[in-house]
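So this block is query-v8.cif, mmCIF, C-alpha atoms:
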data_structure
loop_
_atom_site.label_atom_id
_atom_site.label_comp_id
_atom_site.auth_asym_id
_atom_site.auth_seq_id
_atom_site.Cartn_x
_atom_site.Cartn_y
_atom_site.Cartn_z
CA ASP A 25 108.87 101.31 107.09
CA THR A 26 105.81 102.13 104.96
CA GLY A 27 103.39 102.04 107.86
CA VAL A 28 101.83 98.75 106.73
CA SER A 29 102.60 95.86 109.06
CA GLN A 30 102.16 92.14 108.57
CA ASP A 31 102.29 89.28 111.01
CA PRO A 32 103.92 86.82 111.15
CA ARG A 33 106.94 87.64 109.01
CA HIS A 34 107.73 83.97 108.51
CA LYS A 35 105.58 80.86 108.74
CA ILE A 36 106.67 77.27 108.27
CA THR A 37 103.91 74.72 108.19
CA LYS A 38 103.28 71.17 107.15
CA ARG A 39 101.19 70.31 104.15
CA GLY A 40 97.54 70.08 105.03
CA GLN A 41 97.65 72.56 107.90
CA ASN A 42 95.72 75.83 107.98
CA VAL A 43 97.51 79.16 108.29
CA THR A 44 96.29 82.71 108.89
CA PHE A 45 98.13 85.93 108.18
CA ARG A 46 97.32 89.41 109.40
CA CYS A 47 97.78 92.78 107.75
CA ASP A 48 97.45 96.18 109.42
CA PRO A 49 97.23 98.88 106.75
CA ILE A 50 97.82 102.59 107.11
CA SER A 51 94.85 103.74 109.18
CA GLU A 52 93.34 106.24 106.76
CA HIS A 53 93.61 103.93 103.76
CA ASN A 54 90.29 102.52 102.62
CA ARG A 55 91.75 100.19 99.98
CA LEU A 56 93.56 96.98 100.88
CA TYR A 57 95.11 94.42 98.56
CA TRP A 58 96.67 91.01 98.99
CA TYR A 59 99.32 89.85 96.53
CA ARG A 60 101.46 86.74 96.31
CA GLN A 61 105.04 86.74 95.07
CA THR A 62 107.25 83.82 94.22
CA LEU A 63 110.99 83.98 93.62
CA GLY A 64 111.91 85.84 90.47
CA GLN A 65 108.36 86.91 89.71
CA GLY A 66 106.34 90.04 90.17
CA PRO A 67 103.59 90.22 92.77
CA GLU A 68 100.37 88.53 91.68
CA PHE A 69 97.01 90.00 92.69
CA LEU A 70 94.89 87.87 95.02
CA THR A 71 92.08 90.00 96.38
CA TYR A 72 90.90 93.56 97.02
CA PHE A 73 88.90 95.25 99.77
CA GLN A 74 87.33 98.66 99.79
CA ASN A 75 86.64 99.36 103.44
CA GLU A 76 85.14 96.10 104.75
CA ALA A 77 83.78 94.90 101.41
CA GLN A 78 85.72 92.33 99.42
CA LEU A 79 85.10 93.58 95.90
CA GLU A 80 87.37 91.40 93.80
CA LYS A 81 89.06 88.02 93.99
CA SER A 82 91.51 86.63 91.49
CA ARG A 83 90.26 83.67 89.49
CA LEU A 84 93.54 82.03 90.44
CA LEU A 85 92.47 82.04 94.08
CA SER A 86 91.19 78.63 94.99
CA ASP A 87 88.41 78.08 97.51
CA ARG A 88 91.08 77.13 100.06
CA PHE A 89 91.86 80.83 100.35
CA SER A 90 89.66 83.25 102.24
CA ALA A 91 90.19 86.82 103.31
CA GLU A 92 88.34 89.19 105.59
CA ARG A 93 88.50 92.80 106.63
CA PRO A 94 85.85 92.84 109.34
CA LYS A 95 85.81 96.48 110.36
CA GLY A 96 87.50 98.02 107.39
CA SER A 97 90.77 98.17 109.28
CA PHE A 98 93.05 95.11 109.58
CA SER A 99 92.68 92.15 107.25
CA THR A 100 93.32 88.43 107.54
CA LEU A 101 94.18 85.92 104.84
CA GLU A 102 93.57 82.27 105.64
CA ILE A 103 94.82 79.32 103.64
CA GLN A 104 93.23 75.99 104.43
CA ARG A 105 94.78 72.60 103.74
CA THR A 106 98.05 74.14 102.61
CA GLU A 107 99.91 72.67 99.66
CA GLN A 108 103.58 72.94 98.74
CA GLY A 109 102.60 75.18 95.85
CA ASP A 110 101.32 77.73 98.34
CA SER A 111 104.90 78.48 99.41
CA ALA A 112 105.44 82.13 98.56
CA MET A 113 105.70 85.63 99.98
CA TYR A 114 102.26 87.05 100.80
CA LEU A 115 102.20 90.82 100.51
CA CYS A 116 99.59 93.22 101.75
CA ALA A 117 99.27 96.74 100.36
CA SER A 118 97.03 99.67 101.15
CA SER A 119 96.09 102.91 99.45
CA ARG A 120 93.49 105.63 99.36
CA SER A 121 90.95 105.95 96.63
CA ASN A 122 90.21 109.24 94.91
CA VAL A 123 93.76 110.47 95.04
CA GLN A 124 95.92 111.24 92.05
CA GLY A 125 98.07 108.32 91.08
CA ASN A 126 97.80 104.85 92.51
CA GLU A 127 100.57 104.67 95.07
CA GLN A 128 100.26 101.48 97.03
CA PHE A 129 102.12 101.03 100.29
CA PHE A 130 103.35 97.48 100.77
CA GLY A 131 103.97 95.69 104.02
CA PRO A 132 107.10 93.59 104.60
CA GLY A 133 105.25 90.41 103.69
CA THR A 134 104.75 87.02 105.28
CA ARG A 135 106.99 84.32 103.87
CA LEU A 136 105.17 80.98 103.89
CA THR A 137 107.03 77.71 103.57
CA VAL A 138 104.94 74.56 103.25
CA LEU A 139 106.88 71.37 103.94
CA GLY B 21 95.16 87.76 78.39
CA GLN B 22 96.99 90.48 80.22
CA SER B 23 100.76 90.71 80.12
CA LEU B 24 103.63 93.07 80.75
CA GLU B 25 107.05 92.55 79.22
CA GLN B 26 110.27 93.95 80.60
CA PRO B 27 113.91 92.83 80.33
CA SER B 28 114.94 90.34 82.96
CA GLU B 29 118.36 91.83 83.71
CA VAL B 30 120.26 95.05 83.16
CA THR B 31 123.81 95.86 84.21
CA ALA B 32 125.34 99.33 84.39
CA VAL B 33 128.17 101.15 86.10
CA GLU B 34 127.98 103.72 88.84
CA GLY B 35 127.21 107.18 87.53
CA ALA B 36 125.71 105.91 84.30
CA ILE B 37 122.16 106.21 82.96
CA VAL B 38 119.95 103.17 82.43
CA GLN B 39 116.54 102.78 80.82
CA ILE B 40 114.19 99.92 81.67
CA ASN B 41 111.46 99.38 79.10
CA CYS B 42 108.00 97.97 79.64
CA THR B 43 105.37 97.02 77.10
CA TYR B 44 101.93 96.01 78.20
CA GLN B 45 98.84 94.34 76.89
CA THR B 46 95.87 94.68 79.21
CA SER B 47 92.12 94.77 78.83
CA GLY B 48 91.89 98.12 80.57
CA PHE B 49 94.31 100.91 81.41
CA TYR B 50 94.28 103.60 84.04
CA GLY B 51 98.00 104.06 84.54
CA LEU B 52 101.50 102.61 84.58
CA SER B 53 103.43 102.41 87.84
CA TRP B 54 107.01 101.56 88.69
CA TYR B 55 108.11 99.88 91.91
CA GLN B 56 111.55 99.14 93.32
CA GLN B 57 112.24 96.05 95.40
CA HIS B 58 115.50 95.26 97.15
CA ASP B 59 116.30 91.67 98.02
CA GLY B 60 114.19 90.61 100.97
CA GLY B 61 112.31 93.90 100.97
CA ALA B 62 108.84 95.07 100.03
CA PRO B 63 108.05 96.82 96.76
CA THR B 64 108.23 100.58 97.11
CA PHE B 65 106.50 103.05 94.82
CA LEU B 66 108.63 105.10 92.43
CA SER B 67 106.30 106.71 89.90
CA TYR B 68 102.94 106.70 88.17
CA ASN B 69 101.98 107.80 84.66
CA ALA B 70 98.37 108.13 83.65
CA LEU B 71 98.93 110.39 80.67
CA ASP B 72 101.47 110.40 77.85
CA GLY B 73 104.75 112.06 78.58
CA LEU B 74 107.62 112.20 81.00
CA GLU B 75 107.37 112.46 84.78
CA GLU B 76 110.54 113.40 86.64
CA THR B 77 111.26 112.75 90.30
CA GLY B 78 114.84 113.44 91.24
CA ARG B 79 117.19 110.96 89.59
CA PHE B 80 114.28 108.87 88.33
CA SER B 81 112.02 109.64 85.39
CA SER B 82 109.18 107.65 83.89
CA PHE B 83 107.67 107.87 80.44
CA LEU B 84 104.41 106.65 78.97
CA SER B 85 103.06 106.32 75.46
CA ARG B 86 99.50 105.01 75.62
CA SER B 87 99.21 104.66 71.86
CA ASP B 88 102.24 102.35 71.84
CA SER B 89 101.32 100.57 75.11
CA TYR B 90 104.86 101.34 76.19
CA GLY B 91 106.66 102.99 79.02
CA TYR B 92 110.10 103.21 80.51
CA LEU B 93 111.88 104.04 83.72
CA LEU B 94 115.03 106.13 83.42
CA LEU B 95 117.54 106.07 86.23
CA GLN B 96 120.29 108.69 86.14
CA GLU B 97 123.54 109.05 88.09
CA LEU B 98 123.34 105.43 89.14
CA GLN B 99 124.42 104.57 92.66
CA MET B 100 125.27 101.20 94.14
CA LYS B 101 122.10 101.37 96.25
CA ASP B 102 120.04 101.36 93.05
CA SER B 103 120.87 97.67 92.62
CA ALA B 104 117.42 96.12 92.98
CA SER B 105 114.52 94.69 91.03
CA TYR B 106 112.26 97.11 89.19
CA PHE B 107 108.69 96.25 88.31
CA CYS B 108 106.31 97.95 85.96
CA ALA B 109 102.65 97.52 86.84
CA VAL B 110 99.37 98.45 85.20
CA ASP B 111 96.15 99.26 86.98
CA GLY B 112 93.51 98.29 84.46
CA SER B 113 90.37 98.90 86.49
CA ASN B 114 88.91 101.38 88.92
CA THR B 115 89.75 99.06 91.80
CA GLY B 116 93.39 100.07 91.53
CA LYS B 117 94.58 96.45 91.57
CA LEU B 118 98.00 96.15 89.97
CA ILE B 119 99.14 93.71 87.31
CA PHE B 120 102.89 93.42 87.58
CA GLY B 121 105.57 92.54 85.08
CA GLN B 122 108.13 89.89 85.99
CA GLY B 123 110.66 92.49 87.00
CA THR B 124 114.06 93.70 85.83
CA THR B 125 117.07 93.02 88.02
CA LEU B 126 119.44 95.97 87.87
CA GLN B 127 123.01 95.40 88.90
CA VAL B 128 125.12 98.51 89.39
CA LYS B 129 128.85 97.90 89.26
CA PRO B 130 131.60 100.15 90.61
#
Since I need it in another form, could you write the structure as structure tokens?
Amino acid sequence: DTGVSQDPRHKITKRGQNVTFRCDPISEHNRLYWYRQTLGQGPEFLTYFQNEAQLEKSRLLSDRFSAERPKGSFSTLEIQRTEQGDSAMYLCASSRSNVQGNEQFFGPGTRLTVL
Amino acid sequence: GQSLEQPSEVTAVEGAIVQINCTYQTSGFYGLSWYQQHDGGAPTFLSYNALDGLEETGRFSSFLSRSDSYGYLLLQELQMKDSASYFCAVDGSNTGKLIFGQGTTLQVKP
């Protein structure tokens, strides 16, 4: 257990439905990242928050995806009008800035299956 | 574009030494990380190299050559529990976001 939690752990939905995932990072970590991982691939960067500010979004992230970190603590990732291609593991990671190295602590992930 | 190349699979026996190589091509570079991921698990941090040279942490060591855009992870005294996927990752900006390779599946045999 890295101290980063994600909820739910699994989500099955029908195409066209909206889904929302939650990430609770380690409390003193000001940086929060969302990644997506498909089978046999490395995690792919989606978006980055420093405190409550969303500072970077991947160009691969369509406008169906939105993320928030309202008080600089937990974060949510929403996918609207899900498509089968959205099926993946969604990973959240947190870290502290201004520390040596770039150790990111990953949560257990939310596995999304779109039918 | 940005890319990281690493072998897809490596097999070794218990007690042996294995080296997993990683070459990268990125627009920026702050450091090279290595992560371990067991089936069904989350990636866990192993090491980080910002400067050229070897970093040693127990049975694991990591090397970086910035001039060659190359690094490797060295695993010594392999144990069955080391069977996992290993990812190299570059942070190419001051945001710390990671660009991952496709991963190397290590199978340790008795």
Exercise answer, chain B residues close to chain A, 10 Å and all atoms listed in the file, as a PyMOL selection string
chain B and resi 28+50-55+57+60-70+105-111+114-125
What are the closest atom pairs, with distances in Å to one decimal, for each residue of segment 93-112 of chain B lying within 8 Å of segment 77-88 of chain B, using only C-alpha atoms, rows by chain and rising residue number, as CSV?
residue,atom,partner,partner_atom,distance
B:Leu93,CA,B:Ser82,CA,4.5
B:Leu94,CA,B:Ser81,CA,5.0
B:Leu95,CA,B:Phe80,CA,4.8
B:Gln96,CA,B:Arg79,CA,5.2
B:Glu97,CA,B:Arg79,CA,6.8
Let me know the residues the PyMOL selection byres ((chain A and resi 44) around 12) catches in the file above, as a PyMOL selection string.
chain A and resi 30-37+41-43+45-47+88-92+99-106+114+134-136
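Here atom CA of Tyr90 of chain B and atom CA of Asn41 of chain B stand 7.5 Å from one another.
For the pair atom CA of Thr46 of chain B and atom CA of Arg60 of chain A, the interatomic distance is 19.7 Å.
Near Cys42 of chain B, within 6 Å and counting only C-alpha atoms, sit B:Glu25, B:Gln26, B:Tyr90, B:Gly91, B:Tyr92; same-chain residues fewer than 4 positions away were not included.
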I need the chosen residues saved as a PDB file, keeping the file's coordinate frame, with C-alpha atoms.
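Result file part_30.pdb:
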ATOM      1  CA  GLU B  25     107.050  92.550  79.220  1.00  0.00           C
ATOM      2  CA  GLN B  26     110.270  93.950  80.600  1.00  0.00           C
ATOM      3  CA  TYR B  90     104.860 101.340  76.190  1.00  0.00           C
ATOM      4  CA  GLY B  91     106.660 102.990  79.020  1.00  0.00           C
ATOM      5  CA  TYR B  92     110.100 103.210  80.510  1.00  0.00           C
TER       6      TYR B  92
END
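One distance worth recording is that between atom CA of Thr43 of chain B and atom CA of Ser23 of chain B, which is 8.4 Å.
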Of the residues B:Met100, B:Ser113, B:Asp72, B:Glu34, which is the one nearest to His58 of chain B, using only C-alpha atoms?
B:Met100
Got a sec to resolve the PyMOL selection byres ((chain A and resi 139) around 8) on this structure and send the residues as a PyMOL selection string?
chain A and resi 36-39+108+137-138
